file my_file.csv (CSV, C-alpha atoms and all ligand atoms)
chain,number,residue,atom,x,y,z
A,13,MET,CA,47.1,25.4,90.9
A,14,GLY,CA,45.8,25.3,94.5
A,15,ILE,CA,47.0,26.2,97.9
A,16,ASN,CA,48.2,24.3,100.9
A,17,ILE,CA,47.5,25.5,104.5
A,18,LEU,CA,50.7,24.9,106.3
A,19,GLY,CA,49.6,26.1,109.7
A,20,MET,CA,46.9,28.1,111.4
A,21,GLY,CA,46.6,30.0,114.7
A,22,SER,CA,44.0,32.0,116.5
A,23,TYR,CA,43.6,34.5,119.3
A,24,LEU,CA,40.4,35.2,121.3
A,25,PRO,CA,40.3,38.1,123.8
A,26,GLU,CA,40.3,37.3,127.5
A,27,GLN,CA,37.0,38.9,128.3
A,28,VAL,CA,33.9,36.8,127.7
A,29,LEU,CA,30.3,38.2,127.7
A,30,THR,CA,27.3,35.9,128.0
A,31,ASN,CA,23.9,36.7,126.8
A,32,ASP,CA,22.8,37.6,130.3
A,33,ASP,CA,25.5,40.2,130.5
A,34,PHE,CA,23.7,42.2,127.8
A,35,LYS,CA,20.7,42.7,130.2
A,36,LYS,CA,22.8,45.5,131.7
A,37,PHE,CA,22.7,47.5,128.4
A,38,VAL,CA,19.4,46.6,126.7
A,39,ASP,CA,16.0,44.9,127.1
A,40,THR,CA,16.9,41.4,126.1
A,41,ASN,CA,17.2,37.9,127.4
A,42,ASP,CA,19.2,34.7,126.8
A,43,GLU,CA,16.1,32.8,125.4
A,44,TRP,CA,15.6,35.4,122.6
A,45,ILE,CA,19.3,35.6,121.6
A,46,THR,CA,19.7,31.8,121.7
A,47,THR,CA,16.6,30.9,119.7
A,48,ARG,CA,17.0,33.7,117.1
A,49,THR,CA,20.7,33.5,116.6
A,50,GLY,CA,22.3,30.4,118.3
A,51,ILE,CA,24.8,32.7,120.1
A,52,ARG,CA,25.4,32.1,123.8
A,53,SER,CA,28.6,33.9,124.5
A,54,ARG,CA,31.3,36.0,122.7
A,55,HIS,CA,34.8,37.2,123.4
A,56,MET,CA,35.2,41.0,123.6
A,57,ALA,CA,38.5,42.9,123.3
A,58,GLY,CA,39.3,44.9,126.4
A,59,TRP,CA,43.0,45.9,126.4
A,60,GLU,CA,43.8,44.1,123.1
A,61,PRO,CA,44.0,46.3,120.0
A,62,THR,CA,42.9,44.7,116.7
A,63,TRP,CA,46.5,44.5,115.3
A,64,TYR,CA,47.7,42.9,118.5
A,65,MET,CA,45.1,40.1,118.3
A,66,GLY,CA,46.2,39.6,114.7
A,67,LYS,CA,49.8,39.4,115.8
A,68,LEU,CA,49.2,36.8,118.4
A,69,ALA,CA,47.1,34.7,116.0
A,70,ALA,CA,49.7,35.1,113.2
A,71,ARG,CA,52.6,34.2,115.5
A,72,LYS,CA,50.9,30.9,116.3
A,73,ALA,CA,50.2,30.2,112.6
A,74,ILE,CA,53.8,30.8,111.7
A,75,GLU,CA,55.0,28.5,114.6
A,76,ASN,CA,52.6,25.8,113.5
A,77,SER,CA,53.6,26.1,109.8
A,78,GLY,CA,57.4,25.7,110.6
A,79,VAL,CA,58.1,28.4,108.1
A,80,ASP,CA,60.9,31.0,108.7
A,81,PRO,CA,59.3,34.4,108.8
A,82,LYS,CA,62.1,35.6,106.4
A,83,ASP,CA,60.6,33.3,103.7
A,84,ILE,CA,57.2,34.9,103.9
A,85,GLY,CA,56.8,37.2,100.9
A,86,LEU,CA,53.2,38.4,101.3
A,87,VAL,CA,51.2,39.6,104.3
A,88,ILE,CA,47.5,40.4,103.9
A,89,CYS,CA,45.2,41.4,106.8
A,90,SER,CA,41.4,41.4,106.3
A,91,THR,CA,39.7,43.7,108.7
A,92,ILE,CA,36.9,46.3,108.9
A,93,THR,CA,38.0,47.4,112.4
A,94,SER,CA,41.6,48.5,112.0
A,95,ASP,CA,43.1,50.6,114.9
A,96,PHE,CA,44.4,53.0,112.3
A,97,LEU,CA,43.0,54.5,109.1
A,98,THR,CA,46.6,54.2,108.0
A,99,PRO,CA,49.0,52.4,108.2
A,100,SER,CA,47.7,49.0,107.5
A,101,VAL,CA,47.5,46.3,110.1
A,102,ALA,CA,49.5,44.1,107.7
A,103,SER,CA,52.4,46.6,107.8
A,104,LEU,CA,52.5,46.4,111.6
A,105,LEU,CA,52.4,42.6,111.6
A,106,GLN,CA,55.1,42.5,108.9
A,107,TYR,CA,57.5,44.4,111.2
A,108,GLU,CA,56.4,42.9,114.5
A,109,LEU,CA,56.8,39.3,113.3
A,110,GLY,CA,60.2,39.8,111.8
A,111,ILE,CA,58.9,39.3,108.2
A,112,GLU,CA,61.6,41.2,106.3
A,113,ASN,CA,61.0,40.6,102.6
A,114,ALA,CA,57.3,41.0,102.1
A,115,ALA,CA,54.6,43.1,100.5
A,116,ALA,CA,51.9,44.0,103.1
A,117,PHE,CA,48.4,45.4,102.7
A,118,ASP,CA,44.9,45.3,104.3
A,119,LEU,CA,41.8,44.1,102.5
A,120,ASN,CA,38.2,45.1,103.3
A,121,ALA,CA,35.4,42.8,102.1
A,122,ALA,CA,33.6,42.8,105.5
A,123,CYS,CA,32.5,39.4,106.7
A,124,SER,CA,33.5,37.9,103.3
A,125,GLY,CA,37.1,39.2,104.0
A,126,PHE,CA,38.8,35.9,104.7
A,127,VAL,CA,37.5,34.3,101.5
A,128,TYR,CA,38.4,37.3,99.4
A,129,MET,CA,41.9,37.4,101.0
A,130,LEU,CA,42.5,33.7,100.5
A,131,ASP,CA,41.6,34.0,96.9
A,132,THR,CA,43.8,37.1,96.5
A,133,ALA,CA,46.8,35.3,98.1
A,134,HIS,CA,46.1,32.3,95.8
A,135,ARG,CA,46.4,34.6,92.8
A,136,TYR,CA,49.7,36.1,94.0
A,137,LEU,CA,51.1,32.6,94.7
A,138,SER,CA,49.9,31.4,91.2
A,139,THR,CA,51.6,34.2,89.3
A,140,ASP,CA,54.8,35.0,91.2
A,141,ASP,CA,57.5,32.3,91.0
A,142,ASN,CA,59.6,34.1,93.7
A,143,LEU,CA,56.8,34.0,96.2
A,144,LYS,CA,56.9,30.9,98.4
A,145,TYR,CA,54.7,31.6,101.4
A,146,ALA,CA,51.9,34.0,102.3
A,147,LEU,CA,50.6,35.0,105.7
A,148,ILE,CA,46.9,35.8,105.7
A,149,VAL,CA,45.3,37.2,108.9
A,150,SER,CA,41.8,38.2,109.9
A,151,ALA,CA,41.6,40.4,112.9
A,152,GLU,CA,38.4,42.1,114.1
A,153,SER,CA,37.1,44.2,117.1
A,154,LEU,CA,33.5,44.7,116.2
A,155,SER,CA,32.8,45.5,119.9
A,156,ARG,CA,34.3,48.9,119.3
A,157,PHE,CA,31.8,49.8,116.6
A,158,ILE,CA,28.6,48.8,118.2
A,159,ASP,CA,25.7,50.8,119.4
A,160,TYR,CA,25.0,49.4,122.8
A,161,GLU,CA,21.5,50.8,122.8
A,162,ASP,CA,20.5,48.8,119.7
A,163,ARG,CA,19.4,45.4,121.0
A,164,GLY,CA,19.0,44.0,117.5
A,165,THR,CA,22.7,44.3,116.7
A,166,CYS,CA,24.8,44.7,119.9
A,167,ILE,CA,24.1,41.1,121.0
A,168,LEU,CA,25.4,39.6,117.7
A,169,PHE,CA,29.1,40.5,117.6
A,170,GLY,CA,32.3,39.2,119.1
A,171,ASP,CA,36.1,39.9,118.7
A,172,GLY,CA,39.0,37.7,117.7
A,173,ALA,CA,41.7,36.9,115.1
A,174,ALA,CA,42.8,34.0,113.1
A,175,ALA,CA,45.6,33.5,110.6
A,176,ALA,CA,47.1,31.0,108.2
A,177,VAL,CA,50.4,30.5,106.4
A,178,ILE,CA,49.8,29.1,102.9
A,179,GLU,CA,52.0,27.9,100.0
A,180,LYS,CA,51.2,27.0,96.4
A,181,SER,CA,50.4,23.4,95.7
A,182,ASP,CA,48.7,21.2,93.1
A,183,LYS,CA,45.7,20.6,95.3
A,184,MET,CA,42.1,21.1,94.1
A,185,TYR,CA,41.1,24.8,94.1
A,186,SER,CA,38.1,26.9,93.0
A,187,SER,CA,36.6,30.2,94.0
A,188,PHE,CA,33.8,32.6,93.3
A,189,LEU,CA,33.5,36.2,94.6
A,190,GLY,CA,30.5,38.4,94.3
A,191,SER,CA,29.1,41.8,95.2
A,192,ASP,CA,25.7,43.6,95.3
A,193,GLY,CA,26.4,47.2,96.2
A,194,SER,CA,22.7,48.0,95.9
A,195,GLY,CA,22.5,46.6,99.4
A,196,ALA,CA,25.3,48.8,100.8
A,197,ARG,CA,22.9,50.7,103.0
A,198,ARG,CA,21.7,47.5,104.7
A,199,LEU,CA,24.9,47.1,106.8
A,200,PHE,CA,27.4,49.9,107.3
A,201,ALA,CA,29.5,52.0,109.6
A,202,ARG,CA,30.6,55.5,108.6
A,203,SER,CA,34.2,56.5,109.2
A,204,LEU,CA,34.1,60.1,108.0
A,205,GLU,CA,31.4,62.8,107.8
A,206,VAL,CA,30.2,63.2,104.3
A,207,ALA,CA,28.9,66.7,103.5
A,208,PRO,CA,25.1,66.5,103.1
A,209,GLU,CA,25.0,68.4,99.8
A,210,VAL,CA,27.2,65.8,98.2
A,211,LYS,CA,24.8,63.5,96.3
A,212,VAL,CA,27.2,60.9,95.4
A,213,ASP,CA,25.4,58.3,93.4
A,214,ARG,CA,22.5,55.8,93.2
A,215,VAL,CA,23.5,54.1,96.5
A,216,PHE,CA,23.4,57.4,98.5
A,217,ASP,CA,20.3,58.7,96.7
A,218,SER,CA,18.4,55.7,97.9
A,219,GLY,CA,19.2,56.7,101.5
A,220,PHE,CA,21.6,55.6,104.2
A,221,PRO,CA,19.9,55.7,107.6
A,222,GLU,CA,21.2,58.1,110.1
A,223,LYS,CA,23.9,56.7,112.4
A,224,PRO,CA,26.8,58.3,114.3
A,225,LEU,CA,30.3,57.8,113.0
A,226,ARG,CA,31.9,54.4,113.7
A,227,GLN,CA,28.6,52.8,114.8
A,228,LEU,CA,27.4,49.8,113.0
A,229,TYR,CA,23.9,49.8,111.4
A,230,GLN,CA,22.3,46.6,110.3
A,231,ASP,CA,18.9,46.0,108.7
A,232,GLY,CA,18.8,42.5,110.1
A,233,LYS,CA,15.8,41.2,108.1
A,234,GLU,CA,17.1,42.3,104.7
A,235,VAL,CA,20.6,41.0,105.4
A,236,TYR,CA,19.1,37.7,106.5
A,237,LYS,CA,17.2,37.4,103.3
A,238,PHE,CA,20.4,38.1,101.3
A,239,ALA,CA,22.5,35.7,103.4
A,240,VAL,CA,20.3,32.6,103.0
A,241,LYS,CA,20.5,33.1,99.2
A,242,ALA,CA,24.1,34.2,99.0
A,243,LEU,CA,25.6,31.2,100.9
A,244,PRO,CA,24.3,28.5,98.5
A,245,LYS,CA,24.8,30.7,95.5
A,246,ALA,CA,28.5,31.3,96.3
A,247,PHE,CA,29.2,27.7,96.9
A,248,ASN,CA,27.4,26.5,93.8
A,249,LYS,CA,29.2,29.0,91.6
A,250,ALA,CA,32.6,27.9,92.9
A,251,ALA,CA,31.7,24.2,92.8
A,252,GLU,CA,30.3,24.3,89.2
A,253,LYS,CA,33.7,25.5,87.9
A,254,ILE,CA,35.5,22.3,88.9
A,255,GLY,CA,32.6,19.8,88.8
A,256,VAL,CA,32.3,19.4,92.5
A,257,THR,CA,29.0,18.7,94.3
A,258,VAL,CA,27.8,19.0,97.9
A,259,ASP,CA,28.5,15.3,98.4
A,260,ASP,CA,32.2,15.8,97.6
A,261,ILE,CA,32.6,18.4,100.4
A,262,ASP,CA,33.6,17.0,103.9
A,263,LEU,CA,33.1,20.3,105.7
A,264,PHE,CA,31.5,23.6,105.0
A,265,VAL,CA,32.9,26.5,107.0
A,266,PRO,CA,30.4,29.3,106.6
A,267,HIS,CA,30.5,32.8,108.0
A,268,GLN,CA,29.2,32.6,111.6
A,269,ALA,CA,26.4,35.1,111.7
A,270,ASN,CA,23.3,33.2,112.7
A,271,VAL,CA,22.7,29.4,113.1
A,272,ARG,CA,19.3,29.8,111.4
A,273,ILE,CA,21.1,31.1,108.2
A,274,ILE,CA,23.4,28.1,108.3
A,275,GLU,CA,20.5,25.7,108.8
A,276,THR,CA,18.5,27.2,106.0
A,277,ALA,CA,21.5,27.2,103.6
A,278,ALA,CA,22.1,23.5,104.5
A,279,LYS,CA,18.5,22.7,103.6
A,280,ASN,CA,18.7,24.7,100.3
A,281,LEU,CA,21.9,22.8,99.4
A,282,LYS,CA,20.3,19.5,100.5
A,283,ALA,CA,23.3,18.9,102.8
A,284,SER,CA,23.4,17.5,106.3
A,285,ILE,CA,23.8,20.2,109.0
A,286,ASP,CA,26.5,17.9,110.4
A,287,LYS,CA,28.7,19.0,107.5
A,288,PHE,CA,28.7,22.6,108.7
A,289,ALA,CA,31.2,24.0,111.1
A,290,VAL,CA,29.3,26.0,113.9
A,291,THR,CA,31.3,28.0,116.4
A,292,LEU,CA,29.0,31.1,116.7
A,293,ASP,CA,27.6,29.8,119.9
A,294,HIS,CA,30.8,30.7,121.7
A,295,HIS,CA,32.4,33.2,119.2
A,296,GLY,CA,29.4,35.3,118.1
A,297,ASN,CA,29.8,37.0,114.8
A,298,THR,CA,33.4,38.1,114.4
A,299,SER,CA,33.1,39.4,110.9
A,300,SER,CA,36.0,38.3,108.7
A,301,ALA,CA,37.6,36.4,111.5
A,302,SER,CA,34.7,34.0,111.9
A,303,ILE,CA,35.6,31.6,109.1
A,304,PRO,CA,39.3,31.2,110.0
A,305,LEU,CA,38.4,31.0,113.7
A,306,ALA,CA,36.0,28.2,113.0
A,307,LEU,CA,38.4,26.4,110.7
A,308,CYS,CA,41.3,26.7,113.2
A,309,GLU,CA,39.1,25.3,116.0
A,310,TYR,CA,38.0,22.4,113.9
A,311,ILE,CA,41.6,21.6,112.9
A,312,GLU,CA,42.8,21.9,116.5
A,313,LYS,CA,40.1,19.5,117.8
A,314,GLY,CA,40.9,17.0,115.0
A,315,ALA,CA,37.6,17.4,113.2
A,316,VAL,CA,39.5,18.2,109.9
A,317,GLN,CA,41.9,15.7,108.3
A,318,ARG,CA,44.5,16.2,105.6
A,319,GLY,CA,43.1,15.5,102.2
A,320,GLN,CA,39.5,16.5,103.1
A,321,LYS,CA,37.6,18.9,100.9
A,322,LEU,CA,36.5,22.2,102.5
A,323,ALA,CA,34.1,24.9,101.3
A,324,LEU,CA,34.6,28.2,103.0
A,325,VAL,CA,31.7,30.6,102.4
A,326,GLY,CA,31.4,34.2,103.3
A,327,PHE,CA,28.7,36.9,103.1
A,328,GLY,CA,28.3,40.3,104.7
A,329,ALA,CA,28.4,44.1,104.2
A,330,GLY,CA,28.9,45.4,100.7
A,331,LEU,CA,26.8,43.4,100.2
A,332,SER,CA,29.6,40.9,99.5
A,333,TYR,CA,29.7,37.2,99.2
A,334,GLY,CA,32.1,34.5,98.1
A,335,SER,CA,33.3,30.9,98.4
A,336,VAL,CA,36.6,29.1,98.1
A,337,ILE,CA,36.8,25.3,97.8
A,338,ILE,CA,40.1,23.8,98.9
A,339,GLU,CA,41.7,20.5,100.0
A,340,TYR,CA,43.2,20.6,103.5
A,401,LIG,O1,27.7,39.3,109.5
A,401,LIG,C1,27.1,40.0,108.5
A,401,LIG,C2,25.8,39.3,108.1
A,401,LIG,N1,24.8,39.5,109.1
A,401,LIG,C3,23.8,38.7,109.1
A,401,LIG,O2,23.8,37.7,108.5
A,401,LIG,C4,22.6,39.0,110.1
A,401,LIG,C5,21.3,38.6,109.5
A,401,LIG,N2,20.1,38.9,110.3
A,401,LIG,C6,19.8,38.2,111.4
A,401,LIG,O3,20.6,37.2,111.8
A,401,LIG,C7,18.5,38.5,112.1
A,401,LIG,O4,17.8,39.3,111.3
A,401,LIG,C8,18.7,39.1,113.5
A,401,LIG,C9,19.3,38.1,114.5
A,401,LIG,C10,19.7,40.3,113.4
A,401,LIG,C11,17.4,39.5,114.1
A,401,LIG,O5,16.5,38.4,114.1
A,401,LIG,P1,15.0,38.6,113.5
A,401,LIG,O6,14.3,37.3,113.7
A,401,LIG,O7,15.1,39.2,112.1
A,401,LIG,O8,14.3,39.6,114.5
A,401,LIG,P2,13.7,41.1,114.3
A,401,LIG,O9,14.8,42.1,114.1
A,401,LIG,O10,12.6,41.0,113.3
A,401,LIG,O11,13.1,41.4,115.7
A,401,LIG,C12,11.9,40.6,116.1
A,401,LIG,C13,11.5,41.2,117.5
A,401,LIG,C14,11.3,42.7,117.5
A,401,LIG,O12,10.2,43.0,118.3
A,401,LIG,P3,8.8,43.3,117.8
A,401,LIG,O13,9.0,44.5,116.9
A,401,LIG,O14,8.3,42.1,117.0
A,401,LIG,O15,8.0,43.6,119.0
A,401,LIG,C15,12.6,43.2,118.0
A,401,LIG,O16,12.4,44.5,118.6
A,401,LIG,O17,12.5,40.9,118.4
A,401,LIG,C16,12.9,42.2,119.1
A,401,LIG,N3,14.3,42.1,119.4
A,401,LIG,C17,14.8,41.6,120.5
A,401,LIG,N4,14.2,41.1,121.6
A,401,LIG,C18,14.9,40.7,122.7
A,401,LIG,C19,15.3,42.4,118.6
A,401,LIG,N5,16.5,42.2,119.2
A,401,LIG,C20,16.2,41.7,120.4
A,401,LIG,C21,16.9,41.3,121.5
A,401,LIG,N6,16.3,40.8,122.6
A,401,LIG,N7,18.3,41.3,121.5
call {"tool": "encode", "arguments": {"input": "my_file.csv", "output": "structure tokens", "more": "lines below"}}
Ligand code: UT7
result
Amino acid sequence: MGINILGMGSYLPEQVLTNDDFKKFVDTNDEWITTRTGIRSRHMAGWEPTWYMGKLAARKAIENSGVDPKDIGLVICSTITSDFLTPSVASLLQYELGIENAAAFDLNAACSGFVYMLDTAHRYLSTDDNLKYALIVSAESLSRFIDYEDRGTCILFGDGAAAAVIEKSDKMYSSFLGSDGSGARRLFARSLEVAPEVKVDRVFDSGFPEKPLRQLYQDGKEVYKFAVKALPKAFNKAAEKIGVTVDDIDLFVPHQANVRIIETAAKNLKASIDKFAVTLDHHGNTSSASIPLALCEYIEKGAVQRGQKLALVGFGAGLSYGSVIIEY
């Protein structure tokens, strides 16, 4: 059993920051950012809370799907930048959008979040005969967790939200989800102070760098090395399960972290770069929202047709990675 995307929607905050705007905070320039990452501008939340961006994206997805909110039985939100530790963003969306008969919860798989969430929703739809429609939403405000004195990371991230309403179908489907927690210290943000005497386990013994609460730390070089391997691996593992090859895929929608990662992965997969959706030039890295934002944009501009085969591939903190292959 597979899934059918009935409708998608997105929301990008009003405020746009160009590469030149970062010269106010750090010693950087447009040339460095463009050649090292491919990013030219990004939207940054000002007045918009994370859950509110999710609501606006989800409302459009529901409208485009033609589904009555009362028939949605599951709401999941993938986010690492929730406005609240509790309740979940999904609970707020369930109420705000008039979804009366649904389970609602958040899911954290960092930048792989949309792929993890889609696969989770697929499993619910596959096993629950009473569940007709699921609403899946990625909403992120990375700008609120950035160290604006760290020029290696602050220029990378953007904010936004994107959502999809999905139903079960007999379309082609495969997935692979992976994790390598030994790399947890390479990309993290602390939410609570952990007492220094608590030696938790192998991960902590190997040393998390110092960083204030709620500020993102990234070891860019190590994450880059992981990403260029994880992207092809995640696709190949999902593809092998159903005997699909690169040639069968019409569009790869990878996590939008760095255009050099996408180019290297395309080379490793022996796939044309033209088969890869790229929106990071104007979105930046929006964590779990990057894949659905890119997919939504490609659908809206008519670059994705019904019946085409899509490979969504995520990678990020955890370190997590995963791929879902679907038919649009
Ligand atoms: O979404 C989760 C997954 N995340 C990723 O996939 C990110 C993966 N990593 C990357 O994309 C890249 O590692 C970065 C874009 C983060 C960094 O690119 P890099 O080619 O690895 O650069 P670097 O960190 O090695 O820095 C090279 C030089 C350094 O100067 P020195 O030490 O060679 O003199 C940096 O200080 O560039 C300097 N630099 C900058 N210069 C101008 C770092 N950031 C900047 C900047 N502007 N913004």
call {"tool": "closest_residue", "arguments": {"input": "my_file.csv", "among": "A:Leu199, A:Ala73, A:Leu105, A:Leu147", "to": "ligand LIG 401 (chain A)", "atoms": "all atoms listed in the file"}}
result
A:Leu199
call {"tool": "residues_near_point", "arguments": {"input": "my_file.csv", "point": "(26.2, 12.9, 101.0)", "cutoff": "12 Å", "atoms": "all atoms listed in the file", "output": "PyMOL selection string"}}
result
chain A and resi 257-263+278+281-287
call {"tool": "closest_residue", "arguments": {"input": "my_file.csv", "among": "A:Phe34, A:Tyr185, A:Phe238, A:Phe126", "to": "Arg54 in chain A", "atoms": "all atoms listed in the file"}}
result
A:Phe34
call {"tool": "residues_near_ligand", "arguments": {"input": "my_file.csv", "ligand": "ligand LIG 401 (chain A)", "cutoff": "8 Å", "atoms": "all atoms listed in the file", "output": "PyMOL selection string"}}
result
chain A and resi 38-42+44-45+48-49+122-123+162-168+199+230-239+267-270+272-273+297-299+327-329
call {"tool": "write_last_selection", "arguments": {"input": "my_file.csv", "atoms": "C-alpha atoms", "output": "PDB file, in the coordinates of the input"}}
result
ATOM      1  CA  VAL A  38      19.400  46.600 126.700  1.00  0.00           C
ATOM      2  CA  ASP A  39      16.000  44.900 127.100  1.00  0.00           C
ATOM      3  CA  THR A  40      16.900  41.400 126.100  1.00  0.00           C
ATOM      4  CA  ASN A  41      17.200  37.900 127.400  1.00  0.00           C
ATOM      5  CA  ASP A  42      19.200  34.700 126.800  1.00  0.00           C
ATOM      6  CA  TRP A  44      15.600  35.400 122.600  1.00  0.00           C
ATOM      7  CA  ILE A  45      19.300  35.600 121.600  1.00  0.00           C
ATOM      8  CA  ARG A  48      17.000  33.700 117.100  1.00  0.00           C
ATOM      9  CA  THR A  49      20.700  33.500 116.600  1.00  0.00           C
ATOM     10  CA  ALA A 122      33.600  42.800 105.500  1.00  0.00           C
ATOM     11  CA  CYS A 123      32.500  39.400 106.700  1.00  0.00           C
ATOM     12  CA  ASP A 162      20.500  48.800 119.700  1.00  0.00           C
ATOM     13  CA  ARG A 163      19.400  45.400 121.000  1.00  0.00           C
ATOM     14  CA  GLY A 164      19.000  44.000 117.500  1.00  0.00           C
ATOM     15  CA  THR A 165      22.700  44.300 116.700  1.00  0.00           C
ATOM     16  CA  CYS A 166      24.800  44.700 119.900  1.00  0.00           C
ATOM     17  CA  ILE A 167      24.100  41.100 121.000  1.00  0.00           C
ATOM     18  CA  LEU A 168      25.400  39.600 117.700  1.00  0.00           C
ATOM     19  CA  LEU A 199      24.900  47.100 106.800  1.00  0.00           C
ATOM     20  CA  GLN A 230      22.300  46.600 110.300  1.00  0.00           C
ATOM     21  CA  ASP A 231      18.900  46.000 108.700  1.00  0.00           C
ATOM     22  CA  GLY A 232      18.800  42.500 110.100  1.00  0.00           C
ATOM     23  CA  LYS A 233      15.800  41.200 108.100  1.00  0.00           C
ATOM     24  CA  GLU A 234      17.100  42.300 104.700  1.00  0.00           C
ATOM     25  CA  VAL A 235      20.600  41.000 105.400  1.00  0.00           C
ATOM     26  CA  TYR A 236      19.100  37.700 106.500  1.00  0.00           C
ATOM     27  CA  LYS A 237      17.200  37.400 103.300  1.00  0.00           C
ATOM     28  CA  PHE A 238      20.400  38.100 101.300  1.00  0.00           C
ATOM     29  CA  ALA A 239      22.500  35.700 103.400  1.00  0.00           C
ATOM     30  CA  HIS A 267      30.500  32.800 108.000  1.00  0.00           C
ATOM     31  CA  GLN A 268      29.200  32.600 111.600  1.00  0.00           C
ATOM     32  CA  ALA A 269      26.400  35.100 111.700  1.00  0.00           C
ATOM     33  CA  ASN A 270      23.300  33.200 112.700  1.00  0.00           C
ATOM     34  CA  ARG A 272      19.300  29.800 111.400  1.00  0.00           C
ATOM     35  CA  ILE A 273      21.100  31.100 108.200  1.00  0.00           C
ATOM     36  CA  ASN A 297      29.800  37.000 114.800  1.00  0.00           C
ATOM     37  CA  THR A 298      33.400  38.100 114.400  1.00  0.00           C
ATOM     38  CA  SER A 299      33.100  39.400 110.900  1.00  0.00           C
ATOM     39  CA  PHE A 327      28.700  36.900 103.100  1.00  0.00           C
ATOM     40  CA  GLY A 328      28.300  40.300 104.700  1.00  0.00           C
ATOM     41  CA  ALA A 329      28.400  44.100 104.200  1.00  0.00           C
TER      42      ALA A 329
END
call {"tool": "closest_atom_pairs", "arguments": {"input": "my_file.csv", "of": "range 80-184 of chain A", "to": "range 309-326 of chain A", "cutoff": "9 Å", "atoms": "all atoms listed in the file", "output": "JSON lines"}}
result
{"residue": "A:Cys123", "atom": "CA", "partner": "A:Gly326", "partner_atom": "CA", "distance": 6.3}
{"residue": "A:Ser124", "atom": "CA", "partner": "A:Gly326", "partner_atom": "CA", "distance": 4.3}
{"residue": "A:Gly125", "atom": "CA", "partner": "A:Gly326", "partner_atom": "CA", "distance": 7.6}
{"residue": "A:Phe126", "atom": "CA", "partner": "A:Gly326", "partner_atom": "CA", "distance": 7.7}
{"residue": "A:Val127", "atom": "CA", "partner": "A:Gly326", "partner_atom": "CA", "distance": 6.4}
{"residue": "A:Tyr128", "atom": "CA", "partner": "A:Gly326", "partner_atom": "CA", "distance": 8.6}
{"residue": "A:Lys183", "atom": "CA", "partner": "A:Gly319", "partner_atom": "CA", "distance": 9.0}
{"residue": "A:Met184", "atom": "CA", "partner": "A:Lys321", "partner_atom": "CA", "distance": 8.4}
call {"tool": "build_atoms", "arguments": {"input": "my_file.csv", "residues": "range 171-180 of chain A", "atoms": "N, CA, C and O atoms", "output": "PDB file, keeping the file's coordinate frame"}}
result
ATOM      1  N   ASP A 171      34.754  39.501 119.177  1.00  0.00           N
ATOM      2  CA  ASP A 171      36.100  39.900 118.700  1.00  0.00           C
ATOM      3  C   ASP A 171      37.001  38.698 118.596  1.00  0.00           C
ATOM      4  O   ASP A 171      36.823  37.715 119.323  1.00  0.00           O
ATOM      5  N   GLY A 172      38.039  38.820 117.781  1.00  0.00           N
ATOM      6  CA  GLY A 172      39.000  37.700 117.700  1.00  0.00           C
ATOM      7  C   GLY A 172      39.848  37.848 116.429  1.00  0.00           C
ATOM      8  O   GLY A 172      39.611  38.727 115.586  1.00  0.00           O
ATOM      9  N   ALA A 173      40.809  36.951 116.321  1.00  0.00           N
ATOM     10  CA  ALA A 173      41.700  36.900 115.100  1.00  0.00           C
ATOM     11  C   ALA A 173      42.104  35.524 114.831  1.00  0.00           C
ATOM     12  O   ALA A 173      42.226  34.689 115.736  1.00  0.00           O
ATOM     13  N   ALA A 174      42.328  35.259 113.554  1.00  0.00           N
ATOM     14  CA  ALA A 174      42.800  34.000 113.100  1.00  0.00           C
ATOM     15  C   ALA A 174      43.678  34.143 111.887  1.00  0.00           C
ATOM     16  O   ALA A 174      43.453  35.082 111.114  1.00  0.00           O
ATOM     17  N   ALA A 175      44.670  33.257 111.723  1.00  0.00           N
ATOM     18  CA  ALA A 175      45.600  33.500 110.600  1.00  0.00           C
ATOM     19  C   ALA A 175      46.043  32.107 110.047  1.00  0.00           C
ATOM     20  O   ALA A 175      45.901  31.066 110.686  1.00  0.00           O
ATOM     21  N   ALA A 176      46.566  32.169 108.824  1.00  0.00           N
ATOM     22  CA  ALA A 176      47.100  31.000 108.200  1.00  0.00           C
ATOM     23  C   ALA A 176      48.318  31.300 107.378  1.00  0.00           C
ATOM     24  O   ALA A 176      48.433  32.397 106.805  1.00  0.00           O
ATOM     25  N   VAL A 177      49.264  30.374 107.356  1.00  0.00           N
ATOM     26  CA  VAL A 177      50.400  30.500 106.400  1.00  0.00           C
ATOM     27  C   VAL A 177      50.133  29.476 105.312  1.00  0.00           C
ATOM     28  O   VAL A 177      49.847  28.301 105.572  1.00  0.00           O
ATOM     29  N   ILE A 178      50.170  29.977 104.087  1.00  0.00           N
ATOM     30  CA  ILE A 178      49.800  29.100 102.900  1.00  0.00           C
ATOM     31  C   ILE A 178      50.961  29.118 101.919  1.00  0.00           C
ATOM     32  O   ILE A 178      51.777  30.047 101.854  1.00  0.00           O
ATOM     33  N   GLU A 179      50.985  28.045 101.129  1.00  0.00           N
ATOM     34  CA  GLU A 179      52.000  27.900 100.000  1.00  0.00           C
ATOM     35  C   GLU A 179      51.204  27.447  98.800  1.00  0.00           C
ATOM     36  O   GLU A 179      50.081  26.944  98.901  1.00  0.00           O
ATOM     37  N   LYS A 180      51.854  27.540  97.632  1.00  0.00           N
ATOM     38  CA  LYS A 180      51.200  27.000  96.400  1.00  0.00           C
ATOM     39  C   LYS A 180      51.316  25.488  96.438  1.00  0.00           C
ATOM     40  O   LYS A 180      52.250  24.925  97.018  1.00  0.00           O
TER      41      LYS A 180
END
